[in-house]
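Visitor: Enclosed is the structure file input06.cif (mmCIF, C-alpha atoms).
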```
data_start
#
loop_
_atom_site.group_PDB
_atom_site.id
_atom_site.type_symbol
_atom_site.label_atom_id
_atom_site.label_comp_id
_atom_site.auth_asym_id
_atom_site.auth_seq_id
_atom_site.Cartn_x
_atom_site.Cartn_y
_atom_site.Cartn_z
ATOM 1 C CA MET A 1 -19.346 21.747 -1.991
ATOM 2 C CA PRO A 2 -19.171 18.147 -3.260
ATOM 3 C CA ASP A 3 -21.495 15.741 -1.468
ATOM 4 C CA TYR A 4 -19.054 12.903 -0.885
ATOM 5 C CA LEU A 5 -21.263 11.044 1.574
ATOM 6 C CA THR A 6 -24.178 10.844 -0.872
ATOM 7 C CA GLN A 7 -21.838 9.589 -3.582
ATOM 8 C CA ILE A 8 -20.560 6.762 -1.409
ATOM 9 C CA GLN A 9 -24.104 5.970 -0.177
ATOM 10 C CA ARG A 10 -25.323 5.570 -3.760
ATOM 11 C CA THR A 11 -22.431 3.264 -4.553
ATOM 12 C CA ALA A 12 -23.124 1.197 -1.434
ATOM 13 C CA ASP A 13 -26.817 0.988 -2.352
ATOM 14 C CA SER A 14 -25.919 -0.327 -5.819
ATOM 15 C CA VAL A 15 -23.513 -2.872 -4.294
ATOM 16 C CA LEU A 16 -26.353 -4.257 -2.191
ATOM 17 C CA LYS A 17 -28.167 -5.106 -5.430
ATOM 18 C CA PHE A 18 -25.365 -7.367 -6.725
ATOM 19 C CA SER A 19 -26.369 -10.968 -7.278
ATOM 20 C CA PRO A 20 -23.347 -12.852 -6.049
ATOM 21 C CA ASN A 21 -22.498 -16.280 -7.414
ATOM 22 C CA ASN A 22 -19.261 -16.997 -5.548
ATOM 23 C CA ALA A 23 -17.309 -15.395 -2.718
ATOM 24 C CA ARG A 24 -14.173 -14.429 -4.645
ATOM 25 C CA SER A 25 -15.886 -12.658 -7.530
ATOM 26 C CA TYR A 26 -18.345 -11.043 -5.121
ATOM 27 C CA TYR A 27 -15.517 -9.723 -2.948
ATOM 28 C CA ILE A 28 -13.653 -8.341 -5.952
ATOM 29 C CA LYS A 29 -16.791 -6.738 -7.421
ATOM 30 C CA ILE A 30 -17.802 -5.103 -4.120
ATOM 31 C CA THR A 31 -14.344 -3.906 -3.232
ATOM 32 C CA ARG A 32 -13.633 -2.605 -6.733
ATOM 33 C CA SER A 33 -16.918 -0.661 -6.739
ATOM 34 C CA ILE A 34 -16.116 1.035 -3.437
ATOM 35 C CA TYR A 35 -12.485 1.674 -4.447
ATOM 36 C CA ASP A 36 -13.656 3.194 -7.747
ATOM 37 C CA ARG A 37 -16.003 5.611 -5.972
ATOM 38 C CA ALA A 38 -13.406 6.461 -3.304
ATOM 39 C CA LEU A 39 -10.855 7.090 -6.041
ATOM 40 C CA LYS A 40 -13.228 9.427 -7.919
ATOM 41 C CA ILE A 41 -13.909 11.327 -4.711
ATOM 42 C CA THR A 42 -10.206 11.550 -3.902
ATOM 43 C CA MET A 43 -9.359 12.702 -7.421
ATOM 44 C CA THR A 44 -12.012 15.421 -7.132
ATOM 45 C CA GLU A 45 -10.568 16.517 -3.806
ATOM 46 C CA SER A 46 -7.032 16.377 -5.199
ATOM 47 C CA ALA A 47 -8.031 18.648 -8.104
ATOM 48 C CA ILE A 48 -9.693 21.092 -5.706
ATOM 49 C CA GLN A 49 -6.620 21.128 -3.463
ATOM 50 C CA SER A 50 -4.128 21.383 -6.320
ATOM 51 C CA GLY A 51 -1.536 24.006 -5.497
ATOM 52 C CA THR A 52 -2.351 24.089 -1.788
ATOM 53 C CA GLY A 53 -0.215 22.832 1.066
ATOM 54 C CA ASN A 54 -2.440 19.770 1.307
ATOM 55 C CA SER A 55 -2.140 18.683 -2.335
ATOM 56 C CA GLY A 56 0.694 16.253 -1.564
ATOM 57 C CA PHE A 57 -1.519 14.356 0.866
ATOM 58 C CA THR A 58 -4.384 13.933 -1.598
ATOM 59 C CA ARG A 59 -1.991 12.949 -4.400
ATOM 60 C CA ALA A 60 -0.545 10.279 -2.091
ATOM 61 C CA MET A 61 -4.071 9.051 -1.313
ATOM 62 C CA VAL A 62 -4.804 8.793 -5.051
ATOM 63 C CA GLN A 63 -1.671 6.670 -5.541
ATOM 64 C CA LEU A 64 -2.490 4.394 -2.601
ATOM 65 C CA GLN A 65 -6.028 3.891 -3.856
ATOM 66 C CA TYR A 66 -4.773 3.061 -7.359
ATOM 67 C CA GLN A 67 -2.441 0.511 -5.800
ATOM 68 C CA LEU A 68 -5.219 -1.049 -3.719
ATOM 69 C CA ARG A 69 -7.462 -1.265 -6.758
ATOM 70 C CA ALA A 70 -4.728 -2.761 -8.950
ATOM 71 C CA ASP A 71 -4.045 -5.433 -6.333
ATOM 72 C CA LEU A 72 -7.648 -6.625 -6.669
ATOM 73 C CA PHE A 73 -7.010 -8.586 -9.843
ATOM 74 C CA PRO A 74 -5.389 -11.747 -8.505
ATOM 75 C CA SER A 75 -5.355 -14.983 -10.407
ATOM 76 C CA SER A 76 -7.412 -16.314 -7.499
ATOM 77 C CA CYS A 77 -10.653 -15.181 -9.121
ATOM 78 C CA LYS A 78 -10.079 -17.984 -11.677
ATOM 79 C CA GLN A 79 -9.931 -20.631 -8.959
ATOM 80 C CA THR A 80 -12.745 -22.902 -7.979
ATOM 81 C CA ALA A 81 -15.907 -21.027 -7.091
ATOM 82 C CA THR A 82 -16.383 -20.703 -3.356
ATOM 83 C CA PRO A 83 -19.907 -20.410 -1.990
ATOM 84 C CA ILE A 84 -20.701 -17.229 -0.093
ATOM 85 C CA PRO A 85 -20.952 -18.037 3.606
ATOM 86 C CA ASP A 86 -23.838 -16.388 5.455
ATOM 87 C CA LEU A 87 -21.417 -14.614 7.796
ATOM 88 C CA PHE A 88 -19.563 -12.998 4.884
ATOM 89 C CA GLN A 89 -22.844 -11.953 3.235
ATOM 90 C CA ARG A 90 -24.073 -10.407 6.501
ATOM 91 C CA THR A 91 -20.725 -8.639 6.970
ATOM 92 C CA VAL A 92 -20.939 -7.102 3.491
ATOM 93 C CA ASP A 93 -24.567 -6.112 3.982
ATOM 94 C CA ALA A 94 -23.804 -4.459 7.334
ATOM 95 C CA ALA A 95 -20.769 -2.602 5.983
ATOM 96 C CA MET A 96 -22.714 -1.277 2.984
ATOM 97 C CA ARG A 97 -25.743 -0.310 5.082
ATOM 98 C CA ASN A 98 -23.485 1.604 7.462
ATOM 99 C CA PHE A 99 -23.100 4.299 4.812
ATOM 100 C CA SER A 100 -26.818 5.084 4.859
ATOM 101 C CA ARG A 101 -26.823 5.201 8.673
ATOM 102 C CA TYR A 102 -24.080 7.777 8.954
ATOM 103 C CA GLN A 103 -24.992 11.296 9.915
ATOM 104 C CA GLN A 104 -22.496 13.746 8.541
ATOM 105 C CA PRO A 105 -20.986 15.773 11.389
ATOM 106 C CA LYS A 106 -22.165 19.371 11.330
ATOM 107 C CA GLY A 107 -19.839 22.250 10.618
ATOM 108 C CA LEU A 108 -17.229 20.386 8.593
ATOM 109 C CA ASP A 109 -15.443 22.250 5.860
ATOM 110 C CA ARG A 110 -14.989 20.447 2.540
ATOM 111 C CA GLU A 111 -11.541 19.082 3.399
ATOM 112 C CA ARG A 112 -12.621 17.652 6.752
ATOM 113 C CA LEU A 113 -15.763 16.202 5.139
ATOM 114 C CA TYR A 114 -13.538 14.417 2.609
ATOM 115 C CA LEU A 115 -11.350 13.053 5.432
ATOM 116 C CA TRP A 116 -14.375 11.921 7.455
ATOM 117 C CA VAL A 117 -15.966 10.126 4.478
ATOM 118 C CA MET A 118 -12.702 8.372 3.572
ATOM 119 C CA ILE A 119 -12.303 7.196 7.171
ATOM 120 C CA GLN A 120 -15.772 5.629 6.939
ATOM 121 C CA VAL A 121 -14.960 4.073 3.548
ATOM 122 C CA PHE A 122 -11.788 2.356 4.693
ATOM 123 C CA GLU A 123 -13.190 1.252 8.046
ATOM 124 C CA ASN A 124 -16.065 -0.457 6.234
ATOM 125 C CA LEU A 125 -13.724 -1.970 3.657
ATOM 126 C CA ASN A 126 -11.713 -3.367 6.557
ATOM 127 C CA GLN A 127 -14.872 -5.080 7.836
ATOM 128 C CA ILE A 128 -15.407 -6.632 4.413
ATOM 129 C CA ASN A 129 -11.781 -7.760 4.219
ATOM 130 C CA ALA A 130 -11.979 -9.305 7.685
ATOM 131 C CA GLY A 131 -15.143 -11.129 6.645
ATOM 132 C CA PHE A 132 -13.520 -12.343 3.434
ATOM 133 C CA LEU A 133 -10.703 -13.908 5.447
ATOM 134 C CA GLN A 134 -13.305 -16.337 6.834
ATOM 135 C CA VAL A 135 -14.254 -17.660 3.396
ATOM 136 C CA GLY A 136 -11.624 -20.405 3.189
ATOM 137 C CA LEU A 137 -8.899 -18.801 1.146
ATOM 138 C CA SER A 138 -5.510 -20.112 0.139
ATOM 139 C CA THR A 139 -2.497 -18.915 2.120
ATOM 140 C CA LYS A 140 -1.535 -16.598 -0.748
ATOM 141 C CA GLU A 141 -5.009 -15.076 -0.871
ATOM 142 C CA LYS A 142 -5.064 -14.591 2.897
ATOM 143 C CA ASP A 143 -1.698 -12.820 2.682
ATOM 144 C CA GLN A 144 -3.072 -10.509 -0.018
ATOM 145 C CA VAL A 145 -6.127 -9.659 2.059
ATOM 146 C CA TRP A 146 -3.980 -9.061 5.161
ATOM 147 C CA GLN A 147 -1.745 -6.726 3.132
ATOM 148 C CA ARG A 148 -4.827 -4.818 1.986
ATOM 149 C CA LEU A 149 -6.087 -4.618 5.573
ATOM 150 C CA LYS A 150 -2.732 -3.294 6.804
ATOM 151 C CA MET A 151 -2.519 -0.713 4.025
ATOM 152 C CA GLN A 152 -6.081 0.463 4.611
ATOM 153 C CA GLN A 153 -5.450 0.682 8.343
ATOM 154 C CA GLN A 154 -2.407 2.881 7.691
ATOM 155 C CA MET A 155 -4.577 5.072 5.481
ATOM 156 C CA ILE A 156 -7.170 5.347 8.261
ATOM 157 C CA VAL A 157 -4.469 6.420 10.717
ATOM 158 C CA GLN A 158 -3.256 9.111 8.302
ATOM 159 C CA LEU A 159 -6.789 10.306 7.568
ATOM 160 C CA LYS A 160 -7.701 10.469 11.256
ATOM 161 C CA SER A 161 -4.497 12.333 12.060
ATOM 162 C CA LYS A 162 -5.369 15.032 9.530
ATOM 163 C CA TYR A 163 -9.047 15.039 10.499
ATOM 164 C CA GLU A 164 -8.337 15.535 14.213
ATOM 165 C CA ARG A 165 -6.019 18.500 13.714
#
```
Would you encode the structure as structure tokens?

Guide:
Amino acid sequence: MPDYLTQIQRTADSVLKFSPNNARSYYIKITRSIYDRALKITMTESAIQSGTGNSGFTRAMVQLQYQLRADLFPSSCKQTATPIPDLFQRTVDAAMRNFSRYQQPKGLDRERLYLWVMIQVFENLNQINAGFLQVGLSTKEKDQVWQRLKMQQQMIVQLKSKYER
């Protein structure tokens, strides 16, 4: 059975080693790293579930994650460098350290483990997005982050609905 939690923990550990130079590029680098790992995990799960009644759900999750990742390349990263506020740095650190604190629930089958890990991923990404909103963004950038937050929250609702069945 794939060890999705360990995969995301390793990615989070590597993110903590980033040497940020400005808030925008840091946000994009962190978020892209987590999206990339989540996408790889979801693609693995989608391949495993291919041909099952649940394959439509995982295919939809792959598409949503591709969309979230694609939306991370705004022209805003070319704007003036913004220093990283302490609050944002602490928010990122806490969100990434959460992954190493999690104890995988016992008795989960592979599908429910996938759902549980993805819930944790998107809840922590929401923390990072909320922290990024405090950086002093343009109205357009704030709108983009809010859209990402809303989309991730919808994904969490869908994941939890399937997980709690």

Visitor: For the file shown, what are the residues hit by the PyMOL selection byres ((chain A and resi 120) around 10), laid out as a PyMOL selection string?

Guide: chain A and resi 5+8+95+98-99+102+115-119+121-126+156

Visitor: When you count all atoms listed in the file, which of these residues is closest to Asp71 of chain A: A:Ala23, A:Ile28, A:Leu137, A:Gln7?

Guide: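 The shortest atom-to-atom distance to Asp71 of chain A comes from A:Ile28.
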
Visitor: With 6 Å added on each side, what axis-aligned box encloses every listed atom of segment 78-92 of chain A? Give the centre and edge lengths in Å to one decimal, as lines of an AutoDock Vina configuration file.

Guide:
```
center_x = -17.0
center_y = -15.0
center_z = -1.9
size_x = 26.1
size_y = 27.8
size_z = 31.5
```

Visitor: Report as a list in words all protein, DNA and RNA residues lying within 12 Å of Gln144 of chain A, evaluated on all atoms listed in the file, omitting residues in the same chain fewer than 2 positions from it.

Guide: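 Listed by chain and then number, they are Leu68, Ala70, Asp71, Leu72, Phe73, Pro74, Ser75, Ser76, Asn129, Ala130, Phe132, Leu133, Leu137, Ser138, Thr139, Lys140, Glu141, Lys142, Trp146, Gln147, Arg148, Leu149, Lys150 and Met151 of chain A.
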
Visitor: What is the distance, in Å and to one decimal place, between atom CA of Met43 of chain A and atom CA of Lys106 of chain A?

Guide: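 Atom-to-atom, atom CA of Met43 of chain A to atom CA of Lys106 of chain A, that is 23.7 Å.
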
Visitor: Could you check the closest approach to Pro20 of chain A for each of A:Ser50, A:Thr42, A:Gln67, A:Thr82 and tell me which residue wins, using all atoms listed in the file?

Guide: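 With all atoms listed in the file as the atom set, the closest residue is A:Thr82.
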
Visitor: Add whatever atoms are absent from segment 112-139 of chain A to reach N, CA and C atoms, and provide the output as a PDB file, keeping the file's coordinate frame.

Guide:
```pdb
ATOM      1  N   ARG A 112     -12.348  18.565   5.634  1.00  0.00           N
ATOM      2  CA  ARG A 112     -12.621  17.652   6.752  1.00  0.00           C
ATOM      3  C   ARG A 112     -13.757  16.692   6.411  1.00  0.00           C
ATOM      4  N   LEU A 113     -14.713  17.110   5.597  1.00  0.00           N
ATOM      5  CA  LEU A 113     -15.763  16.202   5.139  1.00  0.00           C
ATOM      6  C   LEU A 113     -15.142  15.078   4.313  1.00  0.00           C
ATOM      7  N   TYR A 114     -14.243  15.428   3.405  1.00  0.00           N
ATOM      8  CA  TYR A 114     -13.538  14.417   2.609  1.00  0.00           C
ATOM      9  C   TYR A 114     -12.834  13.417   3.532  1.00  0.00           C
ATOM     10  N   LEU A 115     -12.082  13.924   4.506  1.00  0.00           N
ATOM     11  CA  LEU A 115     -11.350  13.053   5.432  1.00  0.00           C
ATOM     12  C   LEU A 115     -12.307  12.139   6.193  1.00  0.00           C
ATOM     13  N   TRP A 116     -13.403  12.696   6.696  1.00  0.00           N
ATOM     14  CA  TRP A 116     -14.375  11.921   7.455  1.00  0.00           C
ATOM     15  C   TRP A 116     -14.985  10.802   6.600  1.00  0.00           C
ATOM     16  N   VAL A 117     -15.369  11.128   5.363  1.00  0.00           N
ATOM     17  CA  VAL A 117     -15.966  10.126   4.478  1.00  0.00           C
ATOM     18  C   VAL A 117     -14.956   9.025   4.165  1.00  0.00           C
ATOM     19  N   MET A 118     -13.713   9.385   3.886  1.00  0.00           N
ATOM     20  CA  MET A 118     -12.702   8.372   3.572  1.00  0.00           C
ATOM     21  C   MET A 118     -12.408   7.474   4.778  1.00  0.00           C
ATOM     22  N   ILE A 119     -12.463   8.029   5.962  1.00  0.00           N
ATOM     23  CA  ILE A 119     -12.303   7.196   7.171  1.00  0.00           C
ATOM     24  C   ILE A 119     -13.406   6.145   7.202  1.00  0.00           C
ATOM     25  N   GLN A 120     -14.639   6.560   6.939  1.00  0.00           N
ATOM     26  CA  GLN A 120     -15.772   5.629   6.939  1.00  0.00           C
ATOM     27  C   GLN A 120     -15.597   4.572   5.842  1.00  0.00           C
ATOM     28  N   VAL A 121     -15.150   4.995   4.668  1.00  0.00           N
ATOM     29  CA  VAL A 121     -14.960   4.073   3.548  1.00  0.00           C
ATOM     30  C   VAL A 121     -13.976   2.971   3.929  1.00  0.00           C
ATOM     31  N   PHE A 122     -12.813   3.358   4.436  1.00  0.00           N
ATOM     32  CA  PHE A 122     -11.788   2.356   4.693  1.00  0.00           C
ATOM     33  C   PHE A 122     -12.077   1.522   5.937  1.00  0.00           C
ATOM     34  N   GLU A 123     -12.784   2.073   6.899  1.00  0.00           N
ATOM     35  CA  GLU A 123     -13.190   1.252   8.046  1.00  0.00           C
ATOM     36  C   GLU A 123     -14.185   0.174   7.600  1.00  0.00           C
ATOM     37  N   ASN A 124     -15.110   0.535   6.728  1.00  0.00           N
ATOM     38  CA  ASN A 124     -16.065  -0.457   6.234  1.00  0.00           C
ATOM     39  C   ASN A 124     -15.414  -1.464   5.293  1.00  0.00           C
ATOM     40  N   LEU A 125     -14.463  -1.025   4.491  1.00  0.00           N
ATOM     41  CA  LEU A 125     -13.724  -1.970   3.657  1.00  0.00           C
ATOM     42  C   LEU A 125     -12.933  -2.946   4.527  1.00  0.00           C
ATOM     43  N   ASN A 126     -12.420  -2.464   5.647  1.00  0.00           N
ATOM     44  CA  ASN A 126     -11.713  -3.367   6.557  1.00  0.00           C
ATOM     45  C   ASN A 126     -12.653  -4.443   7.098  1.00  0.00           C
ATOM     46  N   GLN A 127     -13.892  -4.072   7.387  1.00  0.00           N
ATOM     47  CA  GLN A 127     -14.872  -5.080   7.836  1.00  0.00           C
ATOM     48  C   GLN A 127     -15.076  -6.144   6.756  1.00  0.00           C
ATOM     49  N   ILE A 128     -15.200  -5.702   5.522  1.00  0.00           N
ATOM     50  CA  ILE A 128     -15.407  -6.632   4.413  1.00  0.00           C
ATOM     51  C   ILE A 128     -14.187  -7.539   4.247  1.00  0.00           C
ATOM     52  N   ASN A 129     -13.004  -6.958   4.332  1.00  0.00           N
ATOM     53  CA  ASN A 129     -11.781  -7.760   4.219  1.00  0.00           C
ATOM     54  C   ASN A 129     -11.694  -8.789   5.338  1.00  0.00           C
ATOM     55  N   ALA A 130     -12.011  -8.375   6.551  1.00  0.00           N
ATOM     56  CA  ALA A 130     -11.979  -9.305   7.685  1.00  0.00           C
ATOM     57  C   ALA A 130     -12.998 -10.431   7.465  1.00  0.00           C
ATOM     58  N   GLY A 131     -14.148 -10.109   6.946  1.00  0.00           N
ATOM     59  CA  GLY A 131     -15.143 -11.129   6.645  1.00  0.00           C
ATOM     60  C   GLY A 131     -14.686 -12.070   5.544  1.00  0.00           C
ATOM     61  N   PHE A 132     -14.003 -11.521   4.552  1.00  0.00           N
ATOM     62  CA  PHE A 132     -13.520 -12.343   3.434  1.00  0.00           C
ATOM     63  C   PHE A 132     -12.467 -13.344   3.904  1.00  0.00           C
ATOM     64  N   LEU A 133     -11.714 -12.985   4.919  1.00  0.00           N
ATOM     65  CA  LEU A 133     -10.703 -13.908   5.447  1.00  0.00           C
ATOM     66  C   LEU A 133     -11.335 -15.201   5.971  1.00  0.00           C
ATOM     67  N   GLN A 134     -12.617 -15.165   6.287  1.00  0.00           N
ATOM     68  CA  GLN A 134     -13.305 -16.337   6.834  1.00  0.00           C
ATOM     69  C   GLN A 134     -13.871 -17.265   5.755  1.00  0.00           C
ATOM     70  N   VAL A 135     -13.633 -16.927   4.497  1.00  0.00           N
ATOM     71  CA  VAL A 135     -14.254 -17.660   3.396  1.00  0.00           C
ATOM     72  C   VAL A 135     -13.563 -18.985   3.086  1.00  0.00           C
ATOM     73  N   GLY A 136     -12.354 -19.183   3.524  1.00  0.00           N
ATOM     74  CA  GLY A 136     -11.624 -20.405   3.189  1.00  0.00           C
ATOM     75  C   GLY A 136     -10.678 -20.175   2.036  1.00  0.00           C
ATOM     76  N   LEU A 137      -9.824 -19.206   2.192  1.00  0.00           N
ATOM     77  CA  LEU A 137      -8.899 -18.801   1.146  1.00  0.00           C
ATOM     78  C   LEU A 137      -7.588 -19.575   1.229  1.00  0.00           C
ATOM     79  N   SER A 138      -6.854 -19.542   0.133  1.00  0.00           N
ATOM     80  CA  SER A 138      -5.510 -20.112   0.139  1.00  0.00           C
ATOM     81  C   SER A 138      -4.608 -19.208   0.979  1.00  0.00           C
ATOM     82  N   THR A 139      -3.456 -19.705   1.339  1.00  0.00           N
ATOM     83  CA  THR A 139      -2.497 -18.915   2.120  1.00  0.00           C
ATOM     84  C   THR A 139      -2.112 -17.649   1.368  1.00  0.00           C
TER      85      THR A 139
END
```
